[in-house]
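Undergrad: Structure file upload-v7.tsv (TSV, N, CA and C atoms) is given on the next line.
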```
chain	number	residue	atom	x	y	z
A	1	MET	N	-29.63	0.08	18.65
A	1	MET	CA	-28.61	1.10	18.60
A	1	MET	C	-28.46	1.65	17.18
A	2	LEU	N	-28.56	0.77	16.19
A	2	LEU	CA	-28.45	1.21	14.80
A	2	LEU	C	-29.57	2.18	14.44
A	3	ALA	N	-30.78	1.89	14.90
A	3	ALA	CA	-31.92	2.77	14.59
A	3	ALA	C	-31.68	4.18	15.14
A	4	LEU	N	-31.12	4.27	16.34
A	4	LEU	CA	-30.84	5.59	16.92
A	4	LEU	C	-29.72	6.30	16.15
A	5	HIS	N	-28.73	5.54	15.72
A	5	HIS	CA	-27.63	6.12	14.96
A	5	HIS	C	-28.11	6.65	13.60
A	6	LEU	N	-29.00	5.92	12.96
A	6	LEU	CA	-29.51	6.35	11.66
A	6	LEU	C	-30.47	7.53	11.78
A	7	GLN	N	-31.08	7.68	12.93
A	7	GLN	CA	-32.05	8.76	13.14
A	7	GLN	C	-31.36	10.11	13.31
A	8	ASP	N	-30.17	10.11	13.87
A	8	ASP	CA	-29.44	11.35	14.13
A	8	ASP	C	-28.69	11.83	12.89
A	9	ALA	N	-28.07	13.00	13.03
A	9	ALA	CA	-27.25	13.56	11.95
A	9	ALA	C	-26.07	12.64	11.71
A	10	PRO	N	-25.58	12.49	10.55
A	10	PRO	CA	-25.90	13.13	9.29
A	10	PRO	C	-26.93	12.37	8.47
A	11	PHE	N	-27.46	11.25	8.98
A	11	PHE	CA	-28.30	10.39	8.15
A	11	PHE	C	-29.75	10.84	8.09
A	12	HIS	N	-30.36	11.13	9.23
A	12	HIS	CA	-31.77	11.53	9.32
A	12	HIS	C	-32.70	10.54	8.62
A	13	LEU	N	-32.49	9.26	8.88
A	13	LEU	CA	-33.31	8.20	8.30
A	13	LEU	C	-34.25	7.65	9.36
A	14	GLY	N	-35.34	7.07	8.94
A	14	GLY	CA	-36.34	6.56	9.87
A	14	GLY	C	-36.18	5.08	10.17
A	15	SER	N	-37.21	4.56	10.79
A	15	SER	CA	-37.18	3.16	11.20
A	15	SER	C	-37.24	2.20	10.00
A	16	ALA	N	-37.83	2.63	8.90
A	16	ALA	CA	-37.87	1.78	7.71
A	16	ALA	C	-36.46	1.53	7.17
A	17	ALA	N	-35.63	2.55	7.19
A	17	ALA	CA	-34.24	2.38	6.75
A	17	ALA	C	-33.48	1.46	7.69
A	18	ALA	N	-33.73	1.59	8.98
A	18	ALA	CA	-33.07	0.71	9.94
A	18	ALA	C	-33.53	-0.72	9.76
A	19	GLY	N	-34.79	-0.92	9.46
A	19	GLY	CA	-35.30	-2.26	9.22
A	19	GLY	C	-34.73	-2.88	7.96
A	20	SER	N	-34.44	-2.05	6.97
A	20	SER	CA	-33.87	-2.58	5.73
A	20	SER	C	-32.46	-3.11	5.93
A	21	PHE	N	-31.80	-2.69	6.99
A	21	PHE	CA	-30.48	-3.23	7.29
A	21	PHE	C	-30.57	-4.70	7.68
A	22	GLY	N	-31.74	-5.15	8.08
A	22	GLY	CA	-31.92	-6.58	8.36
A	22	GLY	C	-31.76	-7.42	7.12
A	23	LEU	N	-32.06	-6.84	5.96
A	23	LEU	CA	-31.88	-7.56	4.70
A	23	LEU	C	-30.41	-7.82	4.40
A	24	ILE	N	-29.56	-6.99	4.95
A	24	ILE	CA	-28.13	-7.17	4.76
A	24	ILE	C	-27.67	-8.47	5.42
A	25	GLY	N	-28.41	-8.94	6.42
A	25	GLY	CA	-28.08	-10.18	7.10
A	25	GLY	C	-28.12	-11.40	6.20
A	26	VAL	N	-28.68	-11.26	5.01
A	26	VAL	CA	-28.72	-12.37	4.05
A	26	VAL	C	-27.30	-12.77	3.66
A	27	VAL	N	-26.37	-11.83	3.67
A	27	VAL	CA	-24.98	-12.14	3.31
A	27	VAL	C	-24.41	-13.19	4.26
A	28	GLY	N	-24.66	-13.03	5.54
A	28	GLY	CA	-24.17	-14.00	6.51
A	28	GLY	C	-24.82	-15.36	6.35
A	29	VAL	N	-26.10	-15.36	6.02
A	29	VAL	CA	-26.81	-16.63	5.80
A	29	VAL	C	-26.24	-17.36	4.59
A	30	LEU	N	-25.94	-16.61	3.54
A	30	LEU	CA	-25.39	-17.23	2.33
A	30	LEU	C	-23.94	-17.68	2.52
A	31	ALA	N	-23.21	-17.02	3.39
A	31	ALA	CA	-21.80	-17.36	3.59
A	31	ALA	C	-21.62	-18.52	4.56
A	32	ALA	N	-22.58	-18.80	5.39
A	32	ALA	CA	-22.44	-19.84	6.42
A	32	ALA	C	-22.14	-21.22	5.82
A	33	PRO	N	-22.87	-21.69	4.80
A	33	PRO	CA	-22.52	-23.02	4.26
A	33	PRO	C	-21.12	-23.07	3.65
A	34	LEU	N	-20.70	-21.98	3.01
A	34	LEU	CA	-19.36	-21.93	2.43
A	34	LEU	C	-18.30	-22.01	3.52
A	35	ALA	N	-18.49	-21.26	4.59
A	35	ALA	CA	-17.54	-21.31	5.70
A	35	ALA	C	-17.50	-22.70	6.33
A	36	GLY	N	-18.66	-23.34	6.43
A	36	GLY	CA	-18.71	-24.69	6.98
A	36	GLY	C	-17.96	-25.69	6.11
A	37	ARG	N	-18.11	-25.59	4.80
A	37	ARG	CA	-17.39	-26.50	3.89
A	37	ARG	C	-15.88	-26.30	3.97
A	38	ILE	N	-15.47	-25.03	4.03
A	38	ILE	CA	-14.03	-24.76	4.13
A	38	ILE	C	-13.48	-25.27	5.45
A	39	ALA	N	-14.23	-25.08	6.53
A	39	ALA	CA	-13.79	-25.56	7.85
A	39	ALA	C	-13.74	-27.08	7.88
A	40	ASP	N	-14.65	-27.74	7.20
A	40	ASP	CA	-14.63	-29.20	7.15
A	40	ASP	C	-13.40	-29.72	6.40
A	41	ARG	N	-13.02	-29.04	5.34
A	41	ARG	CA	-11.89	-29.48	4.53
A	41	ARG	C	-10.54	-29.18	5.17
A	42	SER	N	-10.40	-27.96	5.70
A	42	SER	CA	-9.07	-27.54	6.15
A	42	SER	C	-8.96	-27.31	7.65
A	43	GLY	N	-10.03	-27.50	8.37
A	43	GLY	CA	-10.00	-27.24	9.82
A	43	GLY	C	-10.51	-25.86	10.15
A	44	PRO	N	-11.02	-25.69	11.34
A	44	PRO	CA	-11.66	-24.41	11.69
A	44	PRO	C	-10.69	-23.27	11.99
A	45	GLN	N	-9.44	-23.58	12.31
A	45	GLN	CA	-8.52	-22.51	12.73
A	45	GLN	C	-8.31	-21.47	11.64
A	46	GLY	N	-8.14	-21.90	10.40
A	46	GLY	CA	-7.93	-20.95	9.31
A	46	GLY	C	-9.14	-20.06	9.07
A	47	VAL	N	-10.33	-20.67	9.13
A	47	VAL	CA	-11.56	-19.90	8.90
A	47	VAL	C	-11.77	-18.91	10.04
A	48	ILE	N	-11.51	-19.33	11.26
A	48	ILE	CA	-11.67	-18.43	12.40
A	48	ILE	C	-10.67	-17.28	12.32
A	49	GLY	N	-9.43	-17.57	11.94
A	49	GLY	CA	-8.43	-16.52	11.77
A	49	GLY	C	-8.83	-15.51	10.70
A	50	ALA	N	-9.32	-16.02	9.57
A	50	ALA	CA	-9.78	-15.13	8.51
A	50	ALA	C	-10.99	-14.32	8.96
A	51	SER	N	-11.85	-14.95	9.77
A	51	SER	CA	-13.03	-14.24	10.28
A	51	SER	C	-12.65	-13.09	11.18
A	52	VAL	N	-11.64	-13.30	12.00
A	52	VAL	CA	-11.16	-12.23	12.89
A	52	VAL	C	-10.64	-11.06	12.05
A	53	VAL	N	-9.90	-11.37	10.99
A	53	VAL	CA	-9.38	-10.31	10.12
A	53	VAL	C	-10.52	-9.55	9.45
A	54	VAL	N	-11.54	-10.26	9.00
A	54	VAL	CA	-12.68	-9.61	8.33
A	54	VAL	C	-13.43	-8.70	9.31
A	55	VAL	N	-13.62	-9.17	10.55
A	55	VAL	CA	-14.32	-8.33	11.55
A	55	VAL	C	-13.47	-7.10	11.89
A	56	LEU	N	-12.17	-7.27	12.04
A	56	LEU	CA	-11.31	-6.10	12.29
A	56	LEU	C	-11.33	-5.13	11.11
A	57	LEU	N	-11.39	-5.67	9.90
A	57	LEU	CA	-11.50	-4.81	8.72
A	57	LEU	C	-12.81	-4.02	8.74
A	58	SER	N	-13.88	-4.65	9.22
A	58	SER	CA	-15.15	-3.94	9.31
A	58	SER	C	-15.06	-2.76	10.28
A	59	PHE	N	-14.34	-2.94	11.38
A	59	PHE	CA	-14.17	-1.82	12.31
A	59	PHE	C	-13.35	-0.70	11.67
A	60	GLY	N	-12.37	-1.07	10.84
A	60	GLY	CA	-11.61	-0.06	10.11
A	60	GLY	C	-12.49	0.71	9.13
A	61	ILE	N	-13.40	0.00	8.47
A	61	ILE	CA	-14.34	0.65	7.55
A	61	ILE	C	-15.22	1.63	8.33
A	62	PHE	N	-15.72	1.19	9.49
A	62	PHE	CA	-16.54	2.08	10.31
A	62	PHE	C	-15.78	3.35	10.70
A	63	ALA	N	-14.49	3.19	11.02
A	63	ALA	CA	-13.70	4.32	11.52
A	63	ALA	C	-13.33	5.30	10.41
A	64	PHE	N	-12.99	4.79	9.23
A	64	PHE	CA	-12.45	5.66	8.19
A	64	PHE	C	-13.45	6.07	7.11
A	65	PHE	N	-14.61	5.41	7.07
A	65	PHE	CA	-15.64	5.76	6.10
A	65	PHE	C	-16.96	5.96	6.84
A	66	PRO	N	-17.16	7.13	7.44
A	66	PRO	CA	-18.31	7.33	8.33
A	66	PRO	C	-19.66	7.51	7.63
A	67	GLY	N	-19.71	7.51	6.33
A	67	GLY	CA	-20.97	7.72	5.62
A	67	GLY	C	-21.83	6.46	5.58
A	68	LEU	N	-22.93	6.57	4.87
A	68	LEU	CA	-23.87	5.46	4.75
A	68	LEU	C	-23.25	4.27	4.02
A	69	THR	N	-22.44	4.53	3.00
A	69	THR	CA	-21.79	3.45	2.28
A	69	THR	C	-20.83	2.69	3.19
A	70	GLY	N	-20.06	3.41	3.98
A	70	GLY	CA	-19.16	2.78	4.93
A	70	GLY	C	-19.91	1.96	5.96
A	71	LEU	N	-21.06	2.45	6.38
A	71	LEU	CA	-21.87	1.72	7.34
A	71	LEU	C	-22.38	0.41	6.75
A	72	VAL	N	-22.85	0.45	5.51
A	72	VAL	CA	-23.37	-0.76	4.86
A	72	VAL	C	-22.25	-1.77	4.63
A	73	VAL	N	-21.12	-1.32	4.10
A	73	VAL	CA	-20.00	-2.22	3.84
A	73	VAL	C	-19.47	-2.81	5.15
A	74	GLY	N	-19.36	-1.98	6.17
A	74	GLY	CA	-18.89	-2.46	7.47
A	74	GLY	C	-19.82	-3.50	8.08
A	75	ILE	N	-21.11	-3.28	7.95
A	75	ILE	CA	-22.07	-4.24	8.49
A	75	ILE	C	-22.01	-5.56	7.72
A	76	VAL	N	-21.88	-5.48	6.41
A	76	VAL	CA	-21.77	-6.70	5.60
A	76	VAL	C	-20.54	-7.50	6.01
A	77	LEU	N	-19.40	-6.82	6.13
A	77	LEU	CA	-18.17	-7.51	6.52
A	77	LEU	C	-18.26	-8.08	7.92
A	78	MET	N	-18.84	-7.32	8.84
A	78	MET	CA	-18.95	-7.80	10.21
A	78	MET	C	-19.85	-9.03	10.28
A	79	ASP	N	-20.98	-8.99	9.59
A	79	ASP	CA	-21.89	-10.12	9.60
A	79	ASP	C	-21.24	-11.34	8.97
A	80	LEU	N	-20.54	-11.14	7.88
A	80	LEU	CA	-19.83	-12.23	7.21
A	80	LEU	C	-18.80	-12.86	8.15
A	81	GLY	N	-18.00	-12.05	8.80
A	81	GLY	CA	-16.95	-12.55	9.69
A	81	GLY	C	-17.51	-13.27	10.91
A	82	VAL	N	-18.53	-12.70	11.51
A	82	VAL	CA	-19.10	-13.31	12.71
A	82	VAL	C	-19.79	-14.63	12.37
A	83	GLN	N	-20.54	-14.67	11.29
A	83	GLN	CA	-21.22	-15.91	10.90
A	83	GLN	C	-20.21	-17.01	10.57
A	84	ALA	N	-19.15	-16.66	9.85
A	84	ALA	CA	-18.14	-17.66	9.50
A	84	ALA	C	-17.45	-18.20	10.76
A	85	ALA	N	-17.16	-17.33	11.71
A	85	ALA	CA	-16.54	-17.79	12.96
A	85	ALA	C	-17.47	-18.68	13.76
A	86	LEU	N	-18.74	-18.30	13.83
A	86	LEU	CA	-19.71	-19.11	14.58
A	86	LEU	C	-19.86	-20.50	13.96
A	87	ILE	N	-19.96	-20.57	12.66
A	87	ILE	CA	-20.10	-21.87	11.99
A	87	ILE	C	-18.84	-22.70	12.20
A	88	SER	N	-17.68	-22.09	12.09
A	88	SER	CA	-16.43	-22.83	12.27
A	88	SER	C	-16.27	-23.33	13.69
A	89	ASN	N	-16.72	-22.56	14.66
A	89	ASN	CA	-16.62	-22.98	16.06
A	89	ASN	C	-17.54	-24.15	16.36
A	90	ARG	N	-18.61	-24.29	15.61
A	90	ARG	CA	-19.51	-25.42	15.81
A	90	ARG	C	-18.92	-26.73	15.32
A	91	ARG	N	-17.94	-26.65	14.46
A	91	ARG	CA	-17.30	-27.84	13.93
A	91	ARG	C	-16.55	-28.49	15.06
```
Would you give me this structure, written as structure tokens?

TA:
Amino acid sequence: MLALHLQDAPFHLGSAAAGSFGLIGVVGVLAAPLAGRIADRSGPQGVIGASVVVVLLSFGIFAFFPGLTGLVVGIVLMDLGVQAALISNRR
């Protein structure tokens, strides 16, 4: 879906740009151990609550900043929030 969105107006970017968004997933990989340590120390409820707030913030970024920068920041926040929630739920 992202590749189709980037291909249309106003971005007009190709598949290489869509593939580079996969590199943004490194943020979630780097945040997972930190979220796990925090969940181990204080319990998963706080991390999951913060993750929900971060994911909702990403949707706000998508809605109010429709450009490429908003898309990148929104994806980073969404990936961070989802990864932290998944790790906390495994605890």

Undergrad: One decimal, Å: what's the distance from atom C of Leu86 of chain A over to atom N of Leu56 of chain A, could you say?

TA: 15.4 Å

Undergrad: Suppose you want the space between atom C of Thr69 of chain A and atom CA of Gly81 of chain A; what is it in Å?

TA: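 Separation of atom C of Thr69 of chain A and atom CA of Gly81 of chain A: 17.0 Å.
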
Undergrad: Using only C-alpha atoms, find the one residue out of A:Ala18, A:Val47, A:Ala63, A:Leu13 that sits nearest to Ala35 of chain A.

TA: A:Val47

Undergrad: At a cut-off of 7 Å, using only N, CA and C atoms, what residues contact segment 72-78 of chain A? Leave out same-chain residues fewer than 3 positions from it and give the result as a PDB file with N, CA and C atoms, in the frame of the given file.

TA:
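Generated output (part.pdb):
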```
ATOM      1  N   ILE A  24     -29.560  -6.990   4.950  1.00  0.00           N
ATOM      2  CA  ILE A  24     -28.130  -7.170   4.760  1.00  0.00           C
ATOM      3  C   ILE A  24     -27.670  -8.470   5.420  1.00  0.00           C
ATOM      4  N   VAL A  27     -26.370 -11.830   3.670  1.00  0.00           N
ATOM      5  CA  VAL A  27     -24.980 -12.140   3.310  1.00  0.00           C
ATOM      6  C   VAL A  27     -24.410 -13.190   4.260  1.00  0.00           C
ATOM      7  N   GLY A  28     -24.660 -13.030   5.540  1.00  0.00           N
ATOM      8  CA  GLY A  28     -24.170 -14.000   6.510  1.00  0.00           C
ATOM      9  C   GLY A  28     -24.820 -15.360   6.350  1.00  0.00           C
ATOM     10  N   VAL A  54     -11.540 -10.260   9.000  1.00  0.00           N
ATOM     11  CA  VAL A  54     -12.680  -9.610   8.330  1.00  0.00           C
ATOM     12  C   VAL A  54     -13.430  -8.700   9.310  1.00  0.00           C
ATOM     13  N   VAL A  55     -13.620  -9.170  10.550  1.00  0.00           N
ATOM     14  CA  VAL A  55     -14.320  -8.330  11.550  1.00  0.00           C
ATOM     15  C   VAL A  55     -13.470  -7.100  11.890  1.00  0.00           C
ATOM     16  N   LEU A  57     -11.390  -5.670   9.900  1.00  0.00           N
ATOM     17  CA  LEU A  57     -11.500  -4.810   8.720  1.00  0.00           C
ATOM     18  C   LEU A  57     -12.810  -4.020   8.740  1.00  0.00           C
ATOM     19  N   SER A  58     -13.880  -4.650   9.220  1.00  0.00           N
ATOM     20  CA  SER A  58     -15.150  -3.940   9.310  1.00  0.00           C
ATOM     21  C   SER A  58     -15.060  -2.760  10.280  1.00  0.00           C
ATOM     22  N   PHE A  59     -14.340  -2.940  11.380  1.00  0.00           N
ATOM     23  CA  PHE A  59     -14.170  -1.820  12.310  1.00  0.00           C
ATOM     24  C   PHE A  59     -13.350  -0.700  11.670  1.00  0.00           C
ATOM     25  N   ILE A  61     -13.400   0.000   8.470  1.00  0.00           N
ATOM     26  CA  ILE A  61     -14.340   0.650   7.550  1.00  0.00           C
ATOM     27  C   ILE A  61     -15.220   1.630   8.330  1.00  0.00           C
ATOM     28  N   PHE A  62     -15.720   1.190   9.490  1.00  0.00           N
ATOM     29  CA  PHE A  62     -16.540   2.080  10.310  1.00  0.00           C
ATOM     30  C   PHE A  62     -15.780   3.350  10.700  1.00  0.00           C
ATOM     31  N   GLY A  67     -19.710   7.510   6.330  1.00  0.00           N
ATOM     32  CA  GLY A  67     -20.970   7.720   5.620  1.00  0.00           C
ATOM     33  C   GLY A  67     -21.830   6.460   5.580  1.00  0.00           C
ATOM     34  N   LEU A  68     -22.930   6.570   4.870  1.00  0.00           N
ATOM     35  CA  LEU A  68     -23.870   5.460   4.750  1.00  0.00           C
ATOM     36  C   LEU A  68     -23.250   4.270   4.020  1.00  0.00           C
ATOM     37  N   THR A  69     -22.440   4.530   3.000  1.00  0.00           N
ATOM     38  CA  THR A  69     -21.790   3.450   2.280  1.00  0.00           C
ATOM     39  C   THR A  69     -20.830   2.690   3.190  1.00  0.00           C
ATOM     40  N   GLY A  81     -18.000 -12.050   8.800  1.00  0.00           N
ATOM     41  CA  GLY A  81     -16.950 -12.550   9.690  1.00  0.00           C
ATOM     42  C   GLY A  81     -17.510 -13.270  10.910  1.00  0.00           C
ATOM     43  N   VAL A  82     -18.530 -12.700  11.510  1.00  0.00           N
ATOM     44  CA  VAL A  82     -19.100 -13.310  12.710  1.00  0.00           C
ATOM     45  C   VAL A  82     -19.790 -14.630  12.370  1.00  0.00           C
ATOM     46  N   GLN A  83     -20.540 -14.670  11.290  1.00  0.00           N
ATOM     47  CA  GLN A  83     -21.220 -15.910  10.900  1.00  0.00           C
ATOM     48  C   GLN A  83     -20.210 -17.010  10.570  1.00  0.00           C
TER      49      GLN A  83
END
```

Undergrad: Taking only C-alpha atoms into account, name the residue in A:Val53, A:Leu6, A:Ala16, A:Ile48 that is nearest to Ala85 of chain A.

TA: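 Once distances to Ala85 of chain A are computed over only C-alpha atoms, the minimum belongs to A:Ile48.
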
Undergrad: Run DSSP on the backbone and tell me which residues of chain A come out as alpha helix (DSSP H); list them as number ranges by chain.

TA: A: 2-7, 15-20, 26-42, 44-64, 68-90

Undergrad: Looking at A:Leu23, A:Ser88, A:Met1, A:His12, which one is nearest to Ile38 of chain A, with distances taken over all atoms listed in the file?

TA: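 Closest to Ile38 of chain A of all the choices is A:Ser88.
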
Undergrad: Calculated over all atoms listed in the file, which of the candidates A:Leu4, A:Ala84, A:Ala17, A:Val52 has the smallest distance to Ala32 of chain A?

TA: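 Using all atoms listed in the file, the shortest distance to Ala32 of chain A belongs to A:Ala84.
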
Undergrad: Enclose segment 11-28 of chain A, meaning all of its atoms listed in the file, in a box aligned along x, y and z, pad it by 3 Å on each side, and list the centre and edge lengths in Å to one decimal, as AutoDock Vina command-line options.

TA:
```
--center_x -31.0 --center_y -1.9 --center_z 7.3 --size_x 19.7 --size_y 32.9 --size_z 13.9
```

Undergrad: Just give me the gap between atom CA of Gln45 of chain A and atom N of Asn89 of chain A in Å, one decimal is fine.

TA: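 Atom-to-atom, atom CA of Gln45 of chain A and atom N of Asn89 of chain A are spaced 8.4 Å apart.
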
Undergrad: When distances are computed from only C-alpha atoms, which of A:Val26, A:Ala9, A:Leu2, A:Ala31 shows the smallest separation from Ile87 of chain A?

TA: A:Ala31
